[in-house]
Each structure stands twice: as C-alpha cells, then as structure tokens.
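File shown: structure-v4.txt (compact mmCIF, C-alpha atoms).
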```txt
# COMPACT_ATOMS: atom_id res chain seq x y z
CA MET A 1 -37.29 -24.77 -9.82
CA THR A 2 -38.03 -25.65 -6.22
CA ALA A 3 -37.68 -22.73 -3.78
CA PRO A 4 -34.87 -23.22 -1.26
CA SER A 5 -35.77 -24.01 2.32
CA LYS A 6 -35.26 -21.40 5.04
CA THR A 7 -32.13 -23.20 6.23
CA GLN A 8 -30.71 -23.28 2.70
CA ALA A 9 -31.53 -19.61 2.19
CA ASP A 10 -29.90 -18.67 5.48
CA SER A 11 -26.76 -20.59 4.53
CA ALA A 12 -26.65 -18.95 1.12
CA ILE A 13 -27.03 -15.46 2.61
CA TRP A 14 -24.33 -16.20 5.19
CA ALA A 15 -21.89 -17.41 2.53
CA SER A 16 -22.71 -14.47 0.23
CA LEU A 17 -22.11 -11.66 2.71
CA PRO A 18 -19.41 -9.43 1.11
CA VAL A 19 -17.87 -8.41 4.46
CA PRO A 20 -16.26 -10.55 7.18
CA ALA A 21 -18.91 -11.82 9.60
CA LEU A 22 -18.55 -13.81 12.85
CA LEU A 23 -21.03 -15.44 15.19
CA VAL A 24 -20.03 -15.19 18.87
CA ASP A 25 -21.64 -17.04 21.79
CA GLN A 26 -22.43 -15.80 25.30
CA ASP A 27 -18.86 -16.59 26.43
CA ASP A 28 -17.30 -14.47 23.64
CA LYS A 29 -16.19 -17.58 21.78
CA ILE A 30 -16.44 -17.85 18.01
CA ILE A 31 -19.17 -20.19 16.77
CA ASP A 32 -18.86 -19.65 13.03
CA ILE A 33 -17.37 -17.33 10.40
CA ASN A 34 -18.36 -16.72 6.79
CA PRO A 35 -16.01 -17.12 3.77
CA ALA A 36 -15.12 -13.41 3.76
CA ALA A 37 -14.04 -13.71 7.40
CA GLU A 38 -11.99 -16.80 6.57
CA GLY A 39 -10.02 -14.63 4.16
CA PHE A 40 -9.78 -11.71 6.58
CA LEU A 41 -8.54 -13.92 9.43
CA ASN A 42 -6.56 -16.24 7.16
CA THR A 43 -8.07 -19.32 8.74
CA SER A 44 -10.96 -21.76 8.28
CA ALA A 45 -14.27 -21.80 10.10
CA LYS A 46 -13.48 -25.26 11.43
CA SER A 47 -10.10 -24.37 12.91
CA ILE A 48 -11.30 -21.18 14.61
CA HIS A 49 -14.44 -22.68 16.15
CA GLY A 50 -14.49 -22.21 19.93
CA GLU A 51 -11.60 -19.75 20.09
CA PRO A 52 -12.00 -16.52 22.14
CA LEU A 53 -13.01 -13.58 19.96
CA TRP A 54 -10.57 -11.13 21.56
CA ASP A 55 -7.65 -13.51 20.99
CA ARG A 56 -8.22 -13.42 17.23
CA LEU A 57 -9.15 -9.76 16.71
CA ALA A 58 -6.96 -6.83 17.76
CA ILE A 59 -9.10 -3.67 17.94
CA ASP A 60 -7.62 -0.30 18.94
CA ALA A 61 -10.66 0.59 21.07
CA GLN A 62 -12.03 -0.65 24.38
CA ILE A 63 -15.28 -2.21 23.20
CA GLU A 64 -15.51 -5.34 25.37
CA GLU A 65 -17.77 -3.68 27.96
CA ALA A 66 -19.98 -2.09 25.32
CA PHE A 67 -20.16 -5.44 23.55
CA GLY A 68 -21.29 -7.11 26.79
CA ARG A 69 -23.97 -4.46 27.39
CA ALA A 70 -25.26 -4.88 23.84
CA ARG A 71 -25.63 -8.62 24.43
CA ASP A 72 -27.32 -8.13 27.82
CA HIS A 73 -29.89 -5.75 26.34
CA SER A 74 -30.21 -7.53 22.97
CA ALA A 75 -29.32 -4.25 21.29
CA PRO A 76 -27.16 -3.43 18.26
CA LEU A 77 -23.79 -1.74 18.61
CA PHE A 78 -22.00 0.36 15.98
CA VAL A 79 -18.32 1.31 16.23
CA ASN A 80 -16.83 3.48 13.48
CA ASP A 81 -13.28 4.34 12.46
CA VAL A 82 -11.24 1.76 14.39
CA ASP A 83 -8.19 -0.23 13.35
CA VAL A 84 -8.81 -3.97 13.28
CA GLY A 85 -5.98 -6.47 12.93
CA THR A 86 -5.46 -10.19 13.34
CA GLY A 87 -1.95 -10.29 14.74
CA GLU A 88 -0.57 -11.66 11.46
CA ARG A 89 -0.70 -8.44 9.41
CA ALA A 90 -1.07 -4.70 9.86
CA PRO A 91 -4.56 -3.53 10.85
CA LEU A 92 -7.20 -2.11 8.51
CA HIS A 93 -9.37 0.92 9.19
CA CYS A 94 -12.87 -0.50 9.69
CA ASN A 95 -16.43 0.08 10.83
CA LEU A 96 -17.95 -2.56 13.15
CA GLN A 97 -21.63 -3.54 13.20
CA ILE A 98 -22.73 -5.84 16.01
CA ALA A 99 -26.26 -7.15 16.55
CA PRO A 100 -28.04 -9.99 18.41
CA LEU A 101 -28.98 -13.03 16.35
CA ASN A 102 -32.73 -13.72 16.28
CA ASP A 103 -33.92 -16.88 18.02
CA ALA A 104 -30.46 -17.49 19.51
CA PRO A 105 -30.21 -15.94 23.00
CA GLY A 106 -26.75 -14.60 23.80
CA VAL A 107 -25.40 -15.08 20.28
CA MET A 108 -24.12 -11.94 18.54
CA MET A 109 -23.30 -11.30 14.89
CA PHE A 110 -20.10 -9.34 14.37
CA LEU A 111 -19.67 -7.61 10.99
CA ILE A 112 -16.35 -5.98 9.96
CA SER A 113 -16.47 -3.42 7.13
CA PRO A 114 -12.98 -2.33 5.99
CA ARG A 115 -12.90 1.33 4.98
CA GLU A 116 -9.30 1.56 3.79
CA LEU A 117 -9.99 0.41 0.23
CA ALA A 118 -12.74 2.95 -0.34
CA GLY A 119 -10.55 5.72 0.99
CA ARG A 120 -7.68 4.56 -1.15
CA MET A 121 -9.88 4.62 -4.25
CA THR A 122 -10.56 8.29 -3.64
CA GLN A 123 -6.85 8.89 -3.07
CA ASN A 124 -5.95 7.07 -6.29
CA HIS A 125 -8.30 9.37 -8.19
CA SER A 126 -6.80 12.46 -6.60
CA VAL A 127 -3.27 11.20 -7.30
CA LYS A 128 -4.15 10.71 -10.96
CA SER A 129 -5.49 14.25 -11.13
CA ALA A 130 -2.41 15.59 -9.38
CA ALA A 131 -0.22 13.56 -11.72
CA LYS A 132 -1.87 15.14 -14.76
CA SER A 133 -1.18 18.58 -13.31
CA ALA A 134 2.43 17.59 -12.64
CA ILE A 135 2.79 16.31 -16.21
CA GLY A 136 1.58 19.64 -17.58
CA MET A 137 3.98 21.43 -15.28
CA ALA A 138 6.82 19.20 -16.50
CA GLU A 139 6.20 20.15 -20.14
CA MET A 140 6.07 23.83 -19.28
CA LEU A 141 9.21 23.72 -17.14
CA ALA A 142 11.19 21.77 -19.71
CA HIS A 143 10.37 24.25 -22.47
CA GLU A 144 10.64 27.48 -20.51
CA ILE A 145 13.55 26.79 -18.18
CA LYS A 146 15.97 24.20 -19.58
CA ASN A 147 17.00 26.25 -22.64
CA PRO A 148 17.80 29.44 -20.65
CA LEU A 149 19.70 27.34 -18.11
CA ALA A 150 21.89 25.94 -20.89
CA GLY A 151 22.71 29.51 -21.89
CA ILE A 152 23.53 30.46 -18.30
CA THR A 153 25.83 27.44 -17.96
CA GLY A 154 27.65 28.25 -21.19
CA ALA A 155 28.08 31.93 -20.26
CA ALA A 156 29.47 31.05 -16.82
CA GLN A 157 31.98 28.65 -18.36
CA LEU A 158 33.16 31.33 -20.82
CA LEU A 159 33.50 33.90 -18.04
CA SER A 160 35.59 31.54 -15.94
CA MET A 161 38.30 31.39 -18.62
CA GLY A 162 39.42 34.96 -17.89
CA LEU A 163 38.91 35.07 -14.12
CA SER A 164 41.16 34.54 -11.15
CA LYS A 165 40.99 31.33 -9.14
CA ASP A 166 38.86 32.95 -6.42
CA ASP A 167 36.36 34.32 -8.95
CA GLN A 168 36.26 30.99 -10.75
CA GLU A 169 34.75 29.47 -7.62
CA LEU A 170 31.72 31.68 -8.18
CA THR A 171 31.31 30.69 -11.83
CA ASP A 172 31.80 27.03 -10.87
CA LEU A 173 28.98 27.46 -8.35
CA ILE A 174 26.72 28.87 -11.10
CA VAL A 175 27.49 25.89 -13.35
CA GLU A 176 26.95 23.37 -10.53
CA GLU A 177 23.62 24.84 -9.45
CA THR A 178 22.24 25.16 -12.98
CA ARG A 179 23.13 21.53 -13.64
CA ARG A 180 21.38 20.56 -10.43
CA ILE A 181 18.22 22.38 -11.57
CA VAL A 182 18.41 20.67 -14.98
CA GLY A 183 18.63 17.32 -13.18
CA LEU A 184 15.53 18.17 -11.17
CA LEU A 185 13.64 19.08 -14.35
CA GLU A 186 14.67 15.78 -15.92
CA GLN A 187 13.19 13.95 -12.92
CA VAL A 188 9.94 15.86 -13.41
CA GLU A 189 9.98 14.92 -17.10
CA GLN A 190 10.49 11.28 -16.18
CA PHE A 191 7.45 11.48 -13.92
CA GLY A 192 5.37 12.80 -16.81
CA ASN A 193 6.61 10.51 -19.55
CA LEU A 194 5.83 7.16 -17.90
CA SER A 195 4.13 4.88 -20.43
CA LYS A 196 1.11 2.72 -19.72
CA PRO A 197 1.93 -0.65 -18.14
CA ARG A 198 2.41 -3.61 -20.50
CA MET A 199 0.44 -6.16 -18.52
CA LYS A 200 1.73 -9.71 -18.20
CA ALA A 201 1.63 -12.57 -15.70
CA VAL A 202 4.33 -11.57 -13.21
CA ASN A 203 5.97 -13.62 -10.49
CA VAL A 204 6.27 -10.90 -7.84
CA HIS A 205 9.05 -12.80 -6.09
CA ASP A 206 11.23 -12.49 -9.21
CA VAL A 207 10.62 -8.73 -9.16
CA LEU A 208 11.46 -8.54 -5.44
CA ASP A 209 14.62 -10.59 -5.88
CA ARG A 210 15.85 -8.33 -8.72
CA ALA A 211 15.15 -5.24 -6.63
CA ARG A 212 16.82 -6.73 -3.56
CA ARG A 213 20.02 -7.67 -5.44
CA SER A 214 20.20 -4.27 -7.10
CA ALA A 215 19.70 -2.45 -3.79
CA LEU A 216 22.39 -4.46 -1.97
CA LEU A 217 24.89 -3.69 -4.72
CA GLY A 218 24.18 0.03 -4.64
CA PHE A 219 22.19 2.42 -2.45
CA GLY A 220 21.25 -0.29 0.07
CA ALA A 221 24.68 -1.80 0.62
CA HIS A 222 24.56 -0.76 4.28
CA MET A 223 21.16 -2.42 4.82
CA LYS A 224 20.03 -5.95 5.68
CA ILE A 225 17.16 -6.98 3.41
CA ALA A 226 15.31 -10.12 4.49
CA GLU A 227 12.86 -12.21 2.46
CA ASP A 228 9.57 -13.41 3.94
CA TYR A 229 7.68 -14.86 0.98
CA ASP A 230 4.55 -16.96 0.56
CA PRO A 231 5.87 -19.59 -1.90
CA SER A 232 2.35 -20.48 -3.08
CA LEU A 233 1.56 -16.95 -4.30
CA PRO A 234 0.10 -17.08 -7.85
CA PRO A 235 1.20 -14.67 -10.64
CA ALA A 236 0.07 -11.04 -10.53
CA ALA A 237 -1.18 -8.95 -13.43
CA GLY A 238 1.42 -6.26 -14.03
CA ASP A 239 4.30 -4.73 -15.92
CA PRO A 240 7.47 -6.31 -14.45
CA ASP A 241 9.69 -3.33 -15.26
CA GLN A 242 7.32 -0.80 -13.72
CA LEU A 243 6.78 -2.97 -10.64
CA LEU A 244 10.55 -3.26 -10.30
CA GLN A 245 10.72 0.54 -10.41
CA VAL A 246 8.14 0.70 -7.60
CA VAL A 247 10.00 -1.72 -5.32
CA LEU A 248 13.37 -0.09 -6.00
CA ASN A 249 11.91 3.29 -5.09
CA LEU A 250 10.52 1.97 -1.80
CA LEU A 251 13.82 0.25 -0.96
CA LYS A 252 15.75 3.41 -1.80
CA ASN A 253 13.52 5.52 0.47
CA ALA A 254 13.96 3.06 3.34
CA SER A 255 17.73 2.93 2.82
CA GLU A 256 18.09 6.72 2.74
CA ALA A 257 15.94 7.11 5.86
CA ALA A 258 18.01 4.59 7.84
CA ASP A 259 20.93 5.38 10.07
CA LYS A 260 24.30 5.54 8.31
CA LYS A 261 25.30 2.39 10.17
CA GLY A 262 22.49 0.56 8.44
CA GLY A 263 19.07 -0.85 9.18
CA ASN A 264 16.69 -3.69 8.40
CA ILE A 265 14.17 -4.11 5.59
CA ARG A 266 11.80 -7.04 5.27
CA LEU A 267 10.10 -7.99 2.00
CA HIS A 268 6.87 -9.79 2.90
CA THR A 269 4.30 -11.35 0.56
CA TYR A 270 1.01 -13.04 1.35
CA TYR A 271 -2.44 -13.78 -0.06
CA GLU A 272 -5.44 -11.86 1.30
CA HIS A 273 -8.72 -13.16 -0.06
CA SER A 274 -10.91 -10.35 1.31
CA PHE A 275 -9.22 -7.37 -0.40
CA ARG A 276 -11.45 -5.81 -3.07
CA LEU A 277 -11.44 -2.42 -4.78
CA ARG A 278 -14.59 -0.81 -6.12
CA ARG A 279 -14.04 1.28 -9.22
CA ALA A 280 -15.77 4.57 -9.98
CA ASP A 281 -18.11 2.80 -12.45
CA GLY A 282 -19.40 0.52 -9.69
CA THR A 283 -17.53 -2.61 -10.79
CA GLY A 284 -15.19 -4.32 -8.38
CA VAL A 285 -11.79 -5.96 -8.66
CA SER A 286 -10.17 -8.41 -6.27
CA LEU A 287 -6.68 -7.50 -5.03
CA PRO A 288 -5.52 -10.59 -3.14
CA LEU A 289 -1.75 -10.39 -3.78
CA GLN A 290 -0.01 -8.41 -1.05
CA ILE A 291 3.55 -7.06 -1.04
CA GLU A 292 4.91 -5.30 2.04
CA VAL A 293 8.17 -3.37 2.34
CA ILE A 294 8.83 -3.05 6.08
CA ASP A 295 11.70 -1.06 7.57
CA ASP A 296 12.85 -0.13 11.07
CA GLY A 297 13.76 3.47 10.25
CA PRO A 298 12.55 6.67 11.95
CA GLY A 299 9.14 6.65 10.26
CA LEU A 300 7.34 9.33 8.27
CA PRO A 301 6.95 12.86 9.67
CA LYS A 302 3.41 13.16 11.04
CA GLU A 303 2.75 16.42 9.22
CA ILE A 304 3.11 14.79 5.77
CA ALA A 305 2.10 11.19 6.46
CA GLY A 306 -1.39 11.71 5.02
CA ASP A 307 -0.13 13.35 1.82
CA ILE A 308 3.00 11.29 1.19
CA PHE A 309 1.75 10.01 -2.21
CA ASP A 310 1.01 13.50 -3.56
CA PRO A 311 3.49 15.11 -5.98
CA PHE A 312 6.13 17.41 -4.46
CA VAL A 313 5.57 16.16 -0.90
CA SER A 314 8.85 14.92 0.61
CA GLY A 315 10.17 14.16 4.08
CA ARG A 316 13.81 14.53 3.04
CA GLU A 317 15.86 17.65 2.70
CA ASN A 318 16.34 18.44 -1.00
CA GLY A 319 13.86 15.69 -1.91
CA THR A 320 11.81 16.25 -5.06
CA GLY A 321 8.64 14.66 -3.68
CA LEU A 322 8.11 12.77 -6.96
CA GLY A 323 9.26 9.25 -6.03
CA LEU A 324 6.22 8.12 -4.06
CA ALA A 325 3.86 10.03 -6.36
CA LEU A 326 5.32 8.01 -9.23
CA VAL A 327 4.94 4.81 -7.20
CA SER A 328 1.29 5.59 -6.50
CA LYS A 329 0.64 6.45 -10.15
CA ILE A 330 2.14 3.15 -11.34
CA ILE A 331 0.14 1.08 -8.85
CA SER A 332 -3.02 3.00 -9.73
CA ASP A 333 -2.41 2.27 -13.44
CA HIS A 334 -2.20 -1.42 -12.46
CA ASP A 335 -5.70 -1.20 -10.88
CA GLY A 336 -4.00 -1.88 -7.56
CA TRP A 337 -3.58 0.19 -4.43
CA ILE A 338 -0.81 1.21 -2.08
CA SER A 339 -0.96 2.40 1.52
CA VAL A 340 1.45 3.15 4.32
CA ASP A 341 1.39 2.63 8.10
CA SER A 342 4.24 4.39 9.87
CA ILE A 343 5.42 4.78 13.43
CA PRO A 344 9.01 5.21 14.64
CA SER A 345 10.98 2.00 14.06
CA ARG A 346 8.27 0.44 11.87
CA THR A 347 7.08 1.69 8.49
CA ILE A 348 5.06 -0.58 6.20
CA PHE A 349 4.35 0.21 2.57
CA ARG A 350 1.70 -2.25 1.39
CA ILE A 351 0.93 -2.93 -2.28
CA SER A 352 -2.15 -4.91 -3.35
CA LEU A 353 -2.32 -6.32 -6.89
CA PRO A 354 -4.83 -8.31 -8.94
CA LEU A 355 -4.32 -11.88 -10.08
CA ALA A 356 -3.16 -12.51 -13.64
CA PRO A 357 -5.90 -13.96 -15.87
CA ARG A 358 -5.13 -17.39 -17.28
CA ASN A 359 -4.75 -16.07 -20.82
CA PHE A 360 -2.02 -13.56 -19.85
CA GLU A 361 1.42 -13.92 -21.40
CA GLU A 362 3.96 -14.99 -18.79
CA THR A 363 7.15 -13.02 -18.23
CA SER A 364 10.35 -14.78 -19.22
```

Mind turning this structure into structure tokens?
Amino acid sequence: MTAPSKTQADSAIWASLPVPALLVDQDDKIIDINPAAEGFLNTSAKSIHGEPLWDRLAIDAQIEEAFGRARDHSAPLFVNDVDVGTGERAPLHCNLQIAPLNDAPGVMMFLISPRELAGRMTQNHSVKSAAKSAIGMAEMLAHEIKNPLAGITGAAQLLSMGLSKDDQELTDLIVEETRRIVGLLEQVEQFGNLSKPRMKAVNVHDVLDRARRSALLGFGAHMKIAEDYDPSLPPAAGDPDQLLQVVLNLLKNASEAADKKGGNIRLHTYYEHSFRLRRADGTGVSLPLQIEVIDDGPGLPKEIAGDIFDPFVSGRENGTGLGLALVSKIISDHDGWISVDSIPSRTIFRISLPLAPRNFEETS
C-alpha cells in the first residue's frame, strides 16, 4: 500500500479529531471546521466559512482579549470549565484548547472538549449505586412497616366505633396518616421493582404525543404544552412504556411547579451528531437523539440543583424525592443520559438517547 501524502494525512487527521475543531484567521473569521464541529454547530463547513467566530459561539467568559494576545505571541491558550453554546441549544460545559497553526501566520486552531458527558457518566454510576441502596431500603420498609401500619389502621377504626364525634376526629387522623405512609412506601416499592427496559425501535414523537395528551387531560390541564419537533428524527433504542413514564414525570414536575394560573412547557427534539458517552469499560456510544422538556416555572432551588437526580432529594413540600431518581435510573438503563439547566423562568431537562439498530423490532 502506498503511504499517504502529507496533505492526505493532514486531512485524515483533521477529519478524525473526536472533538469539535475550528480554524480561525487573523480577523477572527472561521476558515474551516472538522466533522465533529459540524455536528456541534449544526452546520456545514461550507456554509460557515468566513463567518465571525464570536457570532457562532456563545462563551460565558471574556476570552476575546486573551485570544488576541495568544495569536500575537503565537502562544497556546487553555480555558477550562466554561459554558459553550451555539445560540440554537443550551450550552455545554467545556474545556477550550487554542493554539497557533504551524506555517500559517495568524491562523489559530480552536478545540472544544465537552465535559458534561464525562461528568454525567460518573453521575449515572452514582445514581445506580444510590438506586440499589434505595431498593434495599424499599424491601426493608415494606416488610417491617406496612404490616404494623395495617394493624394500627384496623385498631383505630375499631376504636372509633365507640367514641364521640370529637374523639372520632382523632382516630380518623390516625387512619388518614397511616394510609398516607402506606402510599409513600408503595411509591418506594415501585422505584425498586422497575424491570429492565424491553428495547425496541421507538418513535420518540409518538411517546411525546402520548405524554402530552395524557398531561393535558389530567395534571397539566392548566398548562400550555407546545411541540417543537425535528420531523426527520430517526427511531431511538428504548422501551416505549418506560420512556413514556420518564416524560410524564418531567411534565408532572413542571406542571406542579407552575403558577396555579398555568404556565408554558415546550417539547423540543433535535439531532446532535457530536454527543457521545464513554462507558466504564472504555467503549463509547453515540447519543445523537435529543429530547428537551422546557418550562417557564420558578426553576430548581440552588441548594439541591446539583443533587436533583439522587433518591429522596425533592424541591417540593411533601415530595418523596423519588420521581427524578426513577427518571435518571430509567435513562441510565437505556445507556442514555439526562441533565438539567435551570434558572428562574427557564428550566430545561435534556435527555440523550442512542439510535435504534436496523435489526430492532419496531413499536406498533
């Protein structure tokens, strides 16, 4: 086999870079982008050629001056832990690596390394561990508490038969509270008894439509739920019933957090070529199918925003803290990932799922 020329090798390396990369000229205009950057920016190298860099990248740090100094001195520049967006979707937490291009005065290479997926992989592992602990707790609670509670309820009902009306209010309170505790234990049991997903080829828009109709007829009747779908989205690999449970849970949370007069929820889907998840064994999986549930409610409390997917963490009074833990467990079992970005008036839960292989059975 003939060895490739230097130009061919350079082109192959450029196309094979696993992170988004851009070439920027001395006027901060984009000369070229690699395939990973095409996916990250959702555009082609041809259409973005000549556009100003800072018009296409939104970075939550003032780096223009530092970028100019790095070019003037032909020096590299490293910027860690910044949010990088494109204006079309929520930003990702990234590291930036910037360096001058050899033999091309004034031209800089701009590498974007998303960190959110790696962090989410660690969180998925911790959620699975926490879920196992919660499952063990569910079995213990069901055995040790539900039977005595049934006895307490029965005794209170018997006592009420010979009491005055005023005293019956007390026994009624005992019955009501014990039933409430039994209901809580049943929710914990449900969290523990979730079966493994039965994977099929799933049209995520069908799942979203079912969840939307169900929400509008029940807990979300006071909400406006808008659809913003990418009609070309291919099927996802997933369990349609479990994914429906996930979306219903997110819609329910948004509806309960909204003002009593109502609020707005937007269901948004799109394809993101650059999303990949690296497993613990070193193998990687592509997660290009994106589902966003966006609401204009008050947002998550800052003190729990980082732990919102852990069991028994809740931002609502009398909340069990199991809903989002169950959501995270389901998505983790699908080899996907879920994250949240929340500020007052804008909370985005984002789910990323793998494509369905061609040999997958399609859902009816």

* Give the answer as one residue: which of A:Leu243, A:Ala211, A:Ala221, A:Lys260 has the shortest atom-to-atom distance to Ser328 in chain A, using only C-alpha atoms? => A:Leu243

* **Close residues, range 60-75 of chain A itself excluded, 9 Å, only C-alpha atoms, min 4 positions apart in chain, as a ChimeraX atom specification** => /A:26,28,54,79,82-85,98-101,105-108

* Shell of 10 Å around range 8-19 of chain A, all atoms listed in the file, local chain residues under 4 positions omitted, as a PyMOL selection string -> chain A and resi 3-4+33-37+40+111-114+274-276

* All residues 8 Å or closer to range 223-229 of chain A, all atoms listed in the file, same chain fewer than 2 positions away omitted, as a list in words ->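 Surrounding residues, per the criterion: His205, Arg212, Leu216, Gly220, Ala221, Pro231, Ser255, Gly262, Gly263, Asn264, Ile265, Arg266, Leu267, His268, Thr269 and Tyr270 of chain A.
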
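For the pair CA of Arg180 in chain A and CA of Leu149 in chain A, the interatomic distance is 10.4 Å.
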
* Asked: When you draw a straight line from CA of Asp259 in chain A to CA of Glu303 in chain A, how long is it in Å?
  ->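 Computed distance, CA of Asp259 in chain A to CA of Glu303 in chain A, equals 21.3 Å.
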
* To do: To one decimal in Å, tell me the separation between CA of Asp206 in chain A and CA of Ser342 in chain A.
  =>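 A separation of 26.4 Å between them.
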
* Nearest to Ala258 in chain A by atom-to-atom distance, counting only C-alpha atoms, from A:Pro354, A:Pro20, A:Pro344, A:Gly151 -> A:Pro344

* Asked: Restricting the calculation to only C-alpha atoms, which member of A:Asn95, A:Gly183, A:Tyr271, A:Asp341 is positioned closest to Asp230 in chain A?
  ->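 Closest to Asp230 in chain A, using only C-alpha atoms: A:Tyr271.
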
Give me the residues within 12 Å of Lys196 in chain A as a JSON list (two decimals) with C-alpha atoms, in the coordinates of the input, counting only C-alpha atoms and dropping any in the same chain fewer than 4 places off.
```json
[["chain", "number", "residue", "atom", "x", "y", "z"],
["A", 192, "GLY", "CA", 5.37, 12.80, -16.81],
["A", 238, "GLY", "CA", 1.42, -6.26, -14.03],
["A", 239, "ASP", "CA", 4.30, -4.73, -15.92],
["A", 241, "ASP", "CA", 9.69, -3.33, -15.26],
["A", 242, "GLN", "CA", 7.32, -0.80, -13.72],
["A", 329, "LYS", "CA", 0.64, 6.45, -10.15],
["A", 330, "ILE", "CA", 2.14, 3.15, -11.34],
["A", 331, "ILE", "CA", 0.14, 1.08, -8.85],
["A", 332, "SER", "CA", -3.02, 3.00, -9.73],
["A", 333, "ASP", "CA", -2.41, 2.27, -13.44],
["A", 334, "HIS", "CA", -2.20, -1.42, -12.46],
["A", 335, "ASP", "CA", -5.70, -1.20, -10.88]]
```

* Structure fact -> From the list A:Val182, A:Ala21, A:Val247, A:Leu41, the nearest residue to Pro91 in chain A using all atoms listed in the file is A:Leu41

* For each of A:Leu324, A:Leu163, A:Leu289, A:Leu22, take the minimum atom-to-atom distance to Pro234 in chain A, counting only C-alpha atoms, then give the residue where this is smallest. =>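 Closest candidate: A:Leu289.
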
* Could you check which of A:Val24, A:Thr43, A:His93, A:Arg210 is closest to Ala58 in chain A, using only C-alpha atoms? =>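 Closest to Ala58 in chain A, using only C-alpha atoms: A:His93.
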